[in-house]
Protein chains: 2
Amino acid sequence: MSDTAMPEILTPDSTGPSVAAPYEPTDRTVPSRGRERATYDRELVHSVLDSAYLCHLGFVRDGAPVVLPTLFGRVGERLYVHGSTGSRPLLAAGRTDPGLAVCLTVTHVDGLVLARSAFHHSMNYRSVVVHGTARTVTDPEERRIALDAIVDQVVPGRSQDSRPADARELAATAVIRLDLDEVSAKVRTGGPNDDPDDVALPHWAGVVPLTRGYAVPVPADDLDPAIAVPEYLTAL
Amino acid sequence: MSDTAMPEILTPDSTGPSVAAPYEPTDRTVPSRGRERATYDRELVHSVLDSAYLCHLGFVRDGAPVVLPTLFGRVGERLYVHGSTGSRPLLAAGRTDPGLAVCLTVTHVDGLVLARSAFHHSMNYRSVVVHGTARTVTDPEERRIALDAIVDQVVPGRSQDSRPADARELAATAVIRLDLDEVSAKVRTGGPNDDPDDVALPHWAGVVPLTRGYAVPVPADDLDPAIAVPEYLTAL
């Protein structure tokens, strides 16, 4: 399933004019493989992040890696993750100076790429990998902005239609911040890249696009039937 | 978005009789939070893994965490990941004795859980986290089984309808194995768990189920039009 051809190079230019400077590549953000698919375009990175709400957050505990799925929110060049003050990575971010080394990864799979050869099977995807140091956010206003951003990343507009966290809830919630600094995206699009010798083989080849969507919202058992499904949900 | 209530405890019993013994919990697989949602049921773990093909693989490089999306395949109690022999984690797994410490995580998001309070917003999800040591697979027969499993994890049956890897491709492909030993799953289902005082608030509350599917397969530009879409694809 390696895929060595490179016709779908995604350059900053191919996503339209970029008003912002790209992220600066570093040793960690230049992939060892598939370099032709890596991009540092800021707007592309933002768009991949903004079409997700789930990330996989990696950190090191007792020398071993841990990867946990978690919600996140983006505010400009900052990503926020929240959790219980008792959760291990959030505790570690608060205890460690300057913070906790993390890797935050977001992946969208857009299609299954079926080639004639098993070797050239692949996926169409968009992913972003962020390396950096997660720091505990203590400023009350920044915490409020972060918590709203995390809710709104899941359902845009929802933070304005729910009860904000009260003092007790805020005290139980830790927020960490990861700056978008050491960042790369990888994108694959297009059909299979079969070897010329394989094209005549009798196997079907192409792409199976994947779809994602939302089903009809299911009201809570105790919801007042007079409360209609809000517009920001039907808009999904 | 913490969610402290625990009505949706998923015990092995609630998923039906389990013929196999559960995984043994360890320090690493007992979560610091949401312990009531953790399960070690072997059949449930297998079912979560088998309904996925993408995982997020974490490892440590130069003391810092790295999380990369990658395909995987399951064969019994073994997970396989493959890649170029030049890829960093696969190289590291081969160089290190006894292998590379990894954390492999699979996550399905099934629904967005909207509570009246921002704090109790949550997600319905199924996740599996596997800790362990990834070892390079050198046995040719096990490598063949692993590569077929990775293709079939994406599209069941596809490995039998594609050209198997030839000697050159096999030489360029590394396969690593991670045994299912230190494993946990977490599952959340059901509606929001609002505080009793919040139920009368005028905000809509409930679950937005997420859907995933496959669109109509798109044949490769150079596909012989006489080759029909195979049954294992229409079955998706």
# chains A, B, ... in the order shown; residues from 1 in each chain; ligands from 1
>>> select_by_dssp(residues="region 2-176 of chain A", states="strand (DSSP E or B)", output="JSON list (two decimals) with N, CA and C atoms, in the first residue's frame")
[["chain", "number", "residue", "atom", "x", "y", "z"],
["A", 38, "ALA", "N", 3.50, 16.42, 1.38],
["A", 38, "ALA", "CA", 3.51, 17.31, 2.54],
["A", 38, "ALA", "C", 3.31, 18.75, 2.11],
["A", 39, "THR", "N", 2.60, 19.49, 2.90],
["A", 39, "THR", "CA", 2.42, 20.91, 2.63],
["A", 39, "THR", "C", 2.41, 21.67, 3.95],
["A", 54, "LEU", "N", -12.46, 16.04, 16.27],
["A", 54, "LEU", "CA", -11.74, 15.00, 17.00],
["A", 54, "LEU", "C", -10.29, 14.98, 16.56],
["A", 55, "CYS", "N", -9.41, 14.91, 17.52],
["A", 55, "CYS", "CA", -7.99, 14.73, 17.19],
["A", 55, "CYS", "C", -7.48, 13.53, 17.98],
["A", 56, "HIS", "N", -6.29, 13.08, 17.63],
["A", 56, "HIS", "CA", -5.61, 12.08, 18.44],
["A", 56, "HIS", "C", -4.38, 12.74, 19.04],
["A", 57, "LEU", "N", -4.37, 12.78, 20.35],
["A", 57, "LEU", "CA", -3.33, 13.50, 21.09],
["A", 57, "LEU", "C", -2.33, 12.49, 21.64],
["A", 58, "GLY", "N", -1.07, 12.68, 21.26],
["A", 58, "GLY", "CA", -0.02, 11.78, 21.74],
["A", 58, "GLY", "C", 0.87, 12.47, 22.75],
["A", 59, "PHE", "N", 1.26, 11.73, 23.76],
["A", 59, "PHE", "CA", 2.22, 12.25, 24.74],
["A", 59, "PHE", "C", 3.01, 11.06, 25.27],
["A", 60, "VAL", "N", 4.01, 11.34, 26.08],
["A", 60, "VAL", "CA", 4.87, 10.28, 26.60],
["A", 60, "VAL", "C", 4.62, 10.15, 28.09],
["A", 61, "ARG", "N", 4.36, 8.92, 28.52],
["A", 61, "ARG", "CA", 4.18, 8.67, 29.96],
["A", 61, "ARG", "C", 5.10, 7.52, 30.34],
["A", 64, "ALA", "N", 6.86, 5.78, 27.55],
["A", 64, "ALA", "CA", 6.11, 5.10, 26.49],
["A", 64, "ALA", "C", 5.06, 6.03, 25.90],
["A", 65, "PRO", "N", 4.73, 5.83, 24.63],
["A", 65, "PRO", "CA", 3.75, 6.71, 23.99],
["A", 65, "PRO", "C", 2.33, 6.37, 24.42],
["A", 66, "VAL", "N", 1.51, 7.40, 24.49],
["A", 66, "VAL", "CA", 0.07, 7.23, 24.74],
["A", 66, "VAL", "C", -0.65, 8.07, 23.69],
["A", 67, "VAL", "N", -1.68, 7.50, 23.08],
["A", 67, "VAL", "CA", -2.47, 8.22, 22.08],
["A", 67, "VAL", "C", -3.93, 8.15, 22.48],
["A", 68, "LEU", "N", -4.53, 9.30, 22.72],
["A", 68, "LEU", "CA", -5.93, 9.33, 23.15],
["A", 68, "LEU", "C", -6.75, 10.20, 22.21],
["A", 69, "PRO", "N", -7.96, 9.75, 21.88],
["A", 69, "PRO", "CA", -8.85, 10.60, 21.09],
["A", 69, "PRO", "C", -9.45, 11.68, 21.98],
["A", 70, "THR", "N", -9.53, 12.89, 21.47],
["A", 70, "THR", "CA", -10.13, 13.96, 22.27],
["A", 70, "THR", "C", -10.64, 15.06, 21.36],
["A", 71, "LEU", "N", -11.56, 15.85, 21.88],
["A", 71, "LEU", "CA", -12.06, 17.00, 21.15],
["A", 71, "LEU", "C", -11.01, 18.12, 21.19],
["A", 73, "GLY", "N", -10.42, 22.51, 19.84],
["A", 73, "GLY", "CA", -10.94, 23.71, 19.20],
["A", 73, "GLY", "C", -9.78, 24.56, 18.70],
["A", 74, "ARG", "N", -10.00, 25.25, 17.59],
["A", 74, "ARG", "CA", -8.95, 26.15, 17.07],
["A", 74, "ARG", "C", -9.39, 27.59, 17.21],
["A", 75, "VAL", "N", -8.50, 28.41, 17.71],
["A", 75, "VAL", "CA", -8.70, 29.86, 17.74],
["A", 75, "VAL", "C", -7.45, 30.47, 17.14],
["A", 78, "ARG", "N", -3.88, 28.91, 17.65],
["A", 78, "ARG", "CA", -3.84, 28.14, 18.89],
["A", 78, "ARG", "C", -4.86, 27.02, 18.86],
["A", 79, "LEU", "N", -4.45, 25.85, 19.28],
["A", 79, "LEU", "CA", -5.39, 24.75, 19.48],
["A", 79, "LEU", "C", -5.59, 24.57, 20.98],
["A", 80, "TYR", "N", -6.83, 24.22, 21.33],
["A", 80, "TYR", "CA", -7.15, 23.99, 22.73],
["A", 80, "TYR", "C", -7.74, 22.59, 22.91],
["A", 81, "VAL", "N", -7.35, 21.97, 23.99],
["A", 81, "VAL", "CA", -7.90, 20.68, 24.40],
["A", 81, "VAL", "C", -8.30, 20.84, 25.86],
["A", 82, "HIS", "N", -9.41, 20.24, 26.23],
["A", 82, "HIS", "CA", -9.80, 20.36, 27.63],
["A", 82, "HIS", "C", -10.06, 18.97, 28.20],
["A", 83, "GLY", "N", -10.23, 18.94, 29.48],
["A", 83, "GLY", "CA", -10.51, 17.67, 30.12],
["A", 83, "GLY", "C", -10.62, 17.87, 31.61],
["A", 84, "SER", "N", -10.85, 16.76, 32.28],
["A", 84, "SER", "CA", -10.90, 16.83, 33.73],
["A", 84, "SER", "C", -9.54, 17.23, 34.28],
["A", 100, "LEU", "N", 3.83, 20.00, 28.47],
["A", 100, "LEU", "CA", 3.90, 18.60, 28.07],
["A", 100, "LEU", "C", 4.18, 18.52, 26.58],
["A", 101, "ALA", "N", 5.20, 17.76, 26.21],
["A", 101, "ALA", "CA", 5.47, 17.55, 24.78],
["A", 101, "ALA", "C", 4.34, 16.69, 24.20],
["A", 102, "VAL", "N", 3.72, 17.20, 23.17],
["A", 102, "VAL", "CA", 2.59, 16.47, 22.57],
["A", 102, "VAL", "C", 2.73, 16.45, 21.05],
["A", 103, "CYS", "N", 1.97, 15.55, 20.46],
["A", 103, "CYS", "CA", 1.78, 15.52, 19.01],
["A", 103, "CYS", "C", 0.28, 15.38, 18.79],
["A", 104, "LEU", "N", -0.29, 16.35, 18.11],
["A", 104, "LEU", "CA", -1.74, 16.36, 17.89],
["A", 104, "LEU", "C", -2.01, 16.12, 16.41],
["A", 105, "THR", "N", -2.78, 15.08, 16.12],
["A", 105, "THR", "CA", -2.98, 14.66, 14.73],
["A", 105, "THR", "C", -4.46, 14.60, 14.39],
["A", 106, "VAL", "N", -4.79, 15.16, 13.24],
["A", 106, "VAL", "CA", -6.17, 15.15, 12.73],
["A", 106, "VAL", "C", -6.15, 14.49, 11.36],
["A", 107, "THR", "N", -7.05, 13.56, 11.13],
["A", 107, "THR", "CA", -7.06, 12.83, 9.86],
["A", 107, "THR", "C", -8.48, 12.72, 9.31],
["A", 108, "HIS", "N", -8.64, 13.08, 8.05],
["A", 108, "HIS", "CA", -9.88, 12.80, 7.33],
["A", 108, "HIS", "C", -9.56, 11.78, 6.25],
["A", 109, "VAL", "N", -10.34, 10.72, 6.19],
["A", 109, "VAL", "CA", -10.20, 9.77, 5.08],
["A", 109, "VAL", "C", -11.30, 10.07, 4.07],
["A", 110, "ASP", "N", -10.90, 10.39, 2.85],
["A", 110, "ASP", "CA", -11.87, 10.81, 1.84],
["A", 110, "ASP", "C", -12.24, 9.71, 0.86],
["A", 111, "GLY", "N", -11.37, 8.71, 0.72],
["A", 111, "GLY", "CA", -11.67, 7.67, -0.24],
["A", 111, "GLY", "C", -10.70, 6.51, -0.14],
["A", 112, "LEU", "N", -11.19, 5.34, -0.57],
["A", 112, "LEU", "CA", -10.35, 4.15, -0.62],
["A", 112, "LEU", "C", -9.83, 4.05, -2.06],
["A", 113, "VAL", "N", -8.54, 3.91, -2.20],
["A", 113, "VAL", "CA", -7.93, 3.86, -3.53],
["A", 113, "VAL", "C", -7.53, 2.44, -3.83],
["A", 114, "LEU", "N", -8.24, 1.82, -4.79],
["A", 114, "LEU", "CA", -7.98, 0.42, -5.13],
["A", 114, "LEU", "C", -7.20, 0.36, -6.43],
["A", 117, "SER", "N", -2.61, -3.61, -8.26],
["A", 117, "SER", "CA", -1.65, -4.30, -7.40],
["A", 117, "SER", "C", -1.98, -4.00, -5.94],
["A", 122, "SER", "N", -4.17, 2.42, -1.64],
["A", 122, "SER", "CA", -3.87, 3.61, -0.86],
["A", 122, "SER", "C", -5.17, 4.23, -0.37],
["A", 123, "MET", "N", -5.08, 5.40, 0.21],
["A", 123, "MET", "CA", -6.27, 6.12, 0.63],
["A", 123, "MET", "C", -6.12, 7.56, 0.19],
["A", 124, "ASN", "N", -7.24, 8.18, -0.10],
["A", 124, "ASN", "CA", -7.24, 9.63, -0.23],
["A", 124, "ASN", "C", -7.55, 10.21, 1.13],
["A", 125, "TYR", "N", -6.74, 11.12, 1.57],
["A", 125, "TYR", "CA", -6.88, 11.61, 2.93],
["A", 125, "TYR", "C", -6.33, 13.03, 3.03],
["A", 126, "ARG", "N", -6.69, 13.66, 4.12],
["A", 126, "ARG", "CA", -6.10, 14.95, 4.51],
["A", 126, "ARG", "C", -5.74, 14.82, 5.98],
["A", 127, "SER", "N", -4.50, 15.07, 6.30],
["A", 127, "SER", "CA", -4.11, 14.98, 7.70],
["A", 127, "SER", "C", -3.25, 16.17, 8.09],
["A", 128, "VAL", "N", -3.30, 16.49, 9.36],
["A", 128, "VAL", "CA", -2.45, 17.55, 9.92],
["A", 128, "VAL", "C", -1.78, 16.98, 11.16],
["A", 129, "VAL", "N", -0.49, 17.22, 11.27],
["A", 129, "VAL", "CA", 0.27, 16.80, 12.45],
["A", 129, "VAL", "C", 0.90, 18.05, 13.08],
["A", 130, "VAL", "N", 0.63, 18.24, 14.35],
["A", 130, "VAL", "CA", 1.16, 19.39, 15.08],
["A", 130, "VAL", "C", 2.07, 18.88, 16.19],
["A", 131, "HIS", "N", 3.29, 19.34, 16.21],
["A", 131, "HIS", "CA", 4.22, 19.03, 17.30],
["A", 131, "HIS", "C", 4.36, 20.25, 18.19],
["A", 132, "GLY", "N", 4.56, 20.03, 19.46],
["A", 132, "GLY", "CA", 4.80, 21.18, 20.31],
["A", 132, "GLY", "C", 4.64, 20.87, 21.78],
["A", 133, "THR", "N", 4.56, 21.93, 22.54],
["A", 133, "THR", "CA", 4.45, 21.82, 23.99],
["A", 133, "THR", "C", 3.08, 22.34, 24.42],
["A", 134, "ALA", "N", 2.32, 21.49, 25.08],
["A", 134, "ALA", "CA", 1.00, 21.89, 25.56],
["A", 134, "ALA", "C", 1.16, 22.52, 26.94],
["A", 135, "ARG", "N", 0.58, 23.71, 27.08],
["A", 135, "ARG", "CA", 0.68, 24.45, 28.35],
["A", 135, "ARG", "C", -0.71, 24.64, 28.94],
["A", 136, "THR", "N", -0.77, 24.58, 30.24],
["A", 136, "THR", "CA", -2.05, 24.80, 30.92],
["A", 136, "THR", "C", -2.46, 26.27, 30.78],
["A", 163, "ARG", "N", -25.90, 26.38, 28.54],
["A", 163, "ARG", "CA", -25.51, 27.07, 29.78],
["A", 163, "ARG", "C", -23.99, 27.04, 29.91],
["A", 173, "THR", "N", -12.31, 21.66, 35.35],
["A", 173, "THR", "CA", -11.91, 21.54, 33.95],
["A", 173, "THR", "C", -10.54, 22.16, 33.72],
["A", 174, "ALA", "N", -9.66, 21.38, 33.15],
["A", 174, "ALA", "CA", -8.35, 21.91, 32.76],
["A", 174, "ALA", "C", -8.36, 22.17, 31.26],
["A", 175, "VAL", "N", -7.67, 23.22, 30.86],
["A", 175, "VAL", "CA", -7.56, 23.56, 29.44],
["A", 175, "VAL", "C", -6.08, 23.66, 29.12],
["A", 176, "ILE", "N", -5.68, 23.02, 28.03],
["A", 176, "ILE", "CA", -4.29, 23.17, 27.59],
["A", 176, "ILE", "C", -4.27, 23.78, 26.20]]
>>> residues_around(residues="Pro217 (chain A)", least_positions_apart="2", cutoff="12 Å", atoms="only C-alpha atoms", output="PyMOL selection string")
(chain A and resi 213-215+219-220+228-236) or (chain B and resi 111-114+191+204-211)
>>> closest_residue(among="A:Ala118, A:Ile150, A:Ala21, A:Val183", to="chain B", atoms="only C-alpha atoms")
A:Ala118
>>> residues_around(residues="region 155-162 of chain B", least_positions_apart="2", cutoff="7 Å", atoms="only C-alpha atoms", output="ChimeraX atom specification")
/A:116-118,203 /B:148,151-153,164,232
>>> write_last_selection(atoms="all heavy atoms", output="compact mmCIF listing (two decimals), in the first residue's frame")
# COMPACT_ATOMS: atom_id res chain seq x y z
N ARG A 116 -4.68 -2.04 -9.14
CA ARG A 116 -4.62 -3.45 -9.58
C ARG A 116 -3.67 -4.24 -8.69
O ARG A 116 -3.89 -5.42 -8.46
CB ARG A 116 -4.13 -3.55 -11.03
CG ARG A 116 -5.16 -3.23 -12.10
CD ARG A 116 -5.22 -1.76 -12.36
NE ARG A 116 -6.01 -1.42 -13.55
CZ ARG A 116 -6.16 -0.16 -13.97
NH1 ARG A 116 -5.62 0.85 -13.30
NH2 ARG A 116 -6.86 0.08 -15.05
N SER A 117 -2.61 -3.61 -8.26
CA SER A 117 -1.65 -4.30 -7.40
C SER A 117 -1.98 -4.00 -5.94
O SER A 117 -2.38 -2.89 -5.59
CB SER A 117 -0.23 -3.82 -7.71
OG SER A 117 -0.12 -2.43 -7.44
N ALA A 118 -1.82 -5.01 -5.09
CA ALA A 118 -2.01 -4.80 -3.66
C ALA A 118 -1.10 -3.67 -3.17
O ALA A 118 -1.49 -2.83 -2.37
CB ALA A 118 -1.72 -6.10 -2.91
N HIS A 203 -8.38 -6.71 -12.80
CA HIS A 203 -8.95 -6.26 -11.54
C HIS A 203 -9.57 -4.87 -11.66
O HIS A 203 -8.97 -3.99 -12.27
CB HIS A 203 -7.87 -6.23 -10.45
CG HIS A 203 -7.08 -7.50 -10.38
ND1 HIS A 203 -7.67 -8.72 -10.12
CD2 HIS A 203 -5.76 -7.74 -10.54
CE1 HIS A 203 -6.73 -9.66 -10.12
NE2 HIS A 203 -5.56 -9.09 -10.38
N ASP B 148 -2.12 -9.22 3.26
CA ASP B 148 -3.50 -9.52 2.84
C ASP B 148 -4.50 -8.96 3.85
O ASP B 148 -5.54 -8.41 3.49
CB ASP B 148 -3.70 -11.04 2.72
CG ASP B 148 -3.12 -11.60 1.43
OD1 ASP B 148 -2.63 -10.80 0.60
OD2 ASP B 148 -3.14 -12.84 1.26
N VAL B 151 -5.04 -5.20 3.46
CA VAL B 151 -5.90 -4.89 2.31
C VAL B 151 -7.34 -5.28 2.62
O VAL B 151 -8.28 -4.52 2.35
CB VAL B 151 -5.38 -5.62 1.04
CG1 VAL B 151 -6.40 -5.51 -0.09
CG2 VAL B 151 -4.05 -5.05 0.60
N ASP B 152 -7.54 -6.44 3.19
CA ASP B 152 -8.91 -6.92 3.45
C ASP B 152 -9.59 -6.16 4.58
O ASP B 152 -10.81 -6.18 4.69
CB ASP B 152 -8.89 -8.43 3.76
CG ASP B 152 -8.63 -9.24 2.50
OD1 ASP B 152 -8.93 -8.75 1.39
OD2 ASP B 152 -8.12 -10.37 2.62
N GLN B 153 -8.79 -5.53 5.46
CA GLN B 153 -9.39 -4.72 6.51
C GLN B 153 -10.08 -3.49 5.88
O GLN B 153 -11.12 -3.05 6.36
CB GLN B 153 -8.31 -4.26 7.50
CG GLN B 153 -8.82 -3.56 8.73
CD GLN B 153 -8.91 -4.49 9.94
OE1 GLN B 153 -8.37 -5.59 9.94
NE2 GLN B 153 -9.61 -4.04 10.96
N PRO B 164 -0.77 -9.73 -6.10
CA PRO B 164 0.02 -9.74 -4.86
C PRO B 164 1.36 -9.05 -5.07
O PRO B 164 1.83 -8.92 -6.20
CB PRO B 164 0.22 -11.24 -4.57
CG PRO B 164 -0.75 -11.97 -5.45
CD PRO B 164 -1.00 -11.09 -6.63
N TYR B 232 -17.86 -7.37 -3.99
CA TYR B 232 -17.41 -6.98 -2.64
C TYR B 232 -17.42 -5.47 -2.47
O TYR B 232 -17.36 -4.99 -1.34
CB TYR B 232 -16.02 -7.57 -2.33
CG TYR B 232 -14.94 -7.22 -3.33
CD1 TYR B 232 -14.34 -5.98 -3.32
CD2 TYR B 232 -14.54 -8.15 -4.28
CE1 TYR B 232 -13.35 -5.65 -4.24
CE2 TYR B 232 -13.55 -7.83 -5.21
CZ TYR B 232 -12.97 -6.59 -5.19
OH TYR B 232 -12.00 -6.26 -6.11
>>> residues_around(residues="Asp62 (chain B)", least_positions_apart="5", cutoff="12 Å", atoms="only C-alpha atoms", output="mmCIF file with N, CA, C and O atoms, in the first residue's frame")
data_model
loop_
_atom_site.group_PDB
_atom_site.id
_atom_site.type_symbol
_atom_site.label_atom_id
_atom_site.label_comp_id
_atom_site.auth_asym_id
_atom_site.auth_seq_id
_atom_site.Cartn_x
_atom_site.Cartn_y
_atom_site.Cartn_z
ATOM 1 N N ASP A 27 12.762 19.628 11.080
ATOM 2 C CA ASP A 27 13.129 18.217 10.956
ATOM 3 C C ASP A 27 11.937 17.311 11.222
ATOM 4 O O ASP A 27 11.752 16.298 10.563
ATOM 5 N N ARG A 28 11.136 17.713 12.220
ATOM 6 C CA ARG A 28 10.030 16.839 12.600
ATOM 7 C C ARG A 28 8.857 16.900 11.634
ATOM 8 O O ARG A 28 8.051 15.974 11.592
ATOM 9 N N VAL A 60 4.006 11.344 26.077
ATOM 10 C CA VAL A 60 4.869 10.279 26.596
ATOM 11 C C VAL A 60 4.623 10.145 28.087
ATOM 12 O O VAL A 60 4.629 11.131 28.822
ATOM 13 N N GLY A 63 8.042 7.071 29.664
ATOM 14 C CA GLY A 63 8.879 6.695 28.534
ATOM 15 C C GLY A 63 8.152 6.043 27.373
ATOM 16 O O GLY A 63 8.753 5.776 26.339
ATOM 17 N N ALA A 101 5.195 17.758 26.208
ATOM 18 C CA ALA A 101 5.469 17.550 24.781
ATOM 19 C C ALA A 101 4.345 16.694 24.202
ATOM 20 O O ALA A 101 4.056 15.612 24.716
ATOM 21 N N ARG B 88 10.137 6.074 9.297
ATOM 22 C CA ARG B 88 10.839 6.175 10.582
ATOM 23 C C ARG B 88 10.390 5.150 11.615
ATOM 24 O O ARG B 88 11.223 4.480 12.211
ATOM 25 N N PRO B 89 9.087 5.014 11.876
ATOM 26 C CA PRO B 89 8.710 4.047 12.921
ATOM 27 C C PRO B 89 9.056 2.621 12.525
ATOM 28 O O PRO B 89 9.446 1.807 13.370
ATOM 29 N N ALA B 92 12.644 2.130 13.031
ATOM 30 C CA ALA B 92 12.965 2.080 14.460
ATOM 31 C C ALA B 92 12.565 0.739 15.055
ATOM 32 O O ALA B 92 13.266 0.185 15.914
#
>>> atom_distance(atom1="CA of Phe72 (chain A)", atom2="CA of Arg143 (chain A)")
13.0 Å
>>> closest_residue(among="A:Asn193, A:Thr138, A:Thr26, A:Thr96", to="chain B", atoms="only C-alpha atoms")
A:Asn193
>>> closest_residue(among="A:Asp139, A:Glu77, A:Gly86, A:Ala185", to="Arg35 (chain A)", atoms="only C-alpha atoms")
A:Ala185
>>> select_by_dssp(residues="region 37-212 of chain B", states="alpha helix (DSSP H)", output="PyMOL selection string")
chain B and resi 42-50+88-95+140-154+167-171
>>> closest_residue(among="A:Asp97, A:Asp41, A:Asp224, A:Asp179", to="chain B", atoms="only C-alpha atoms")
A:Asp224
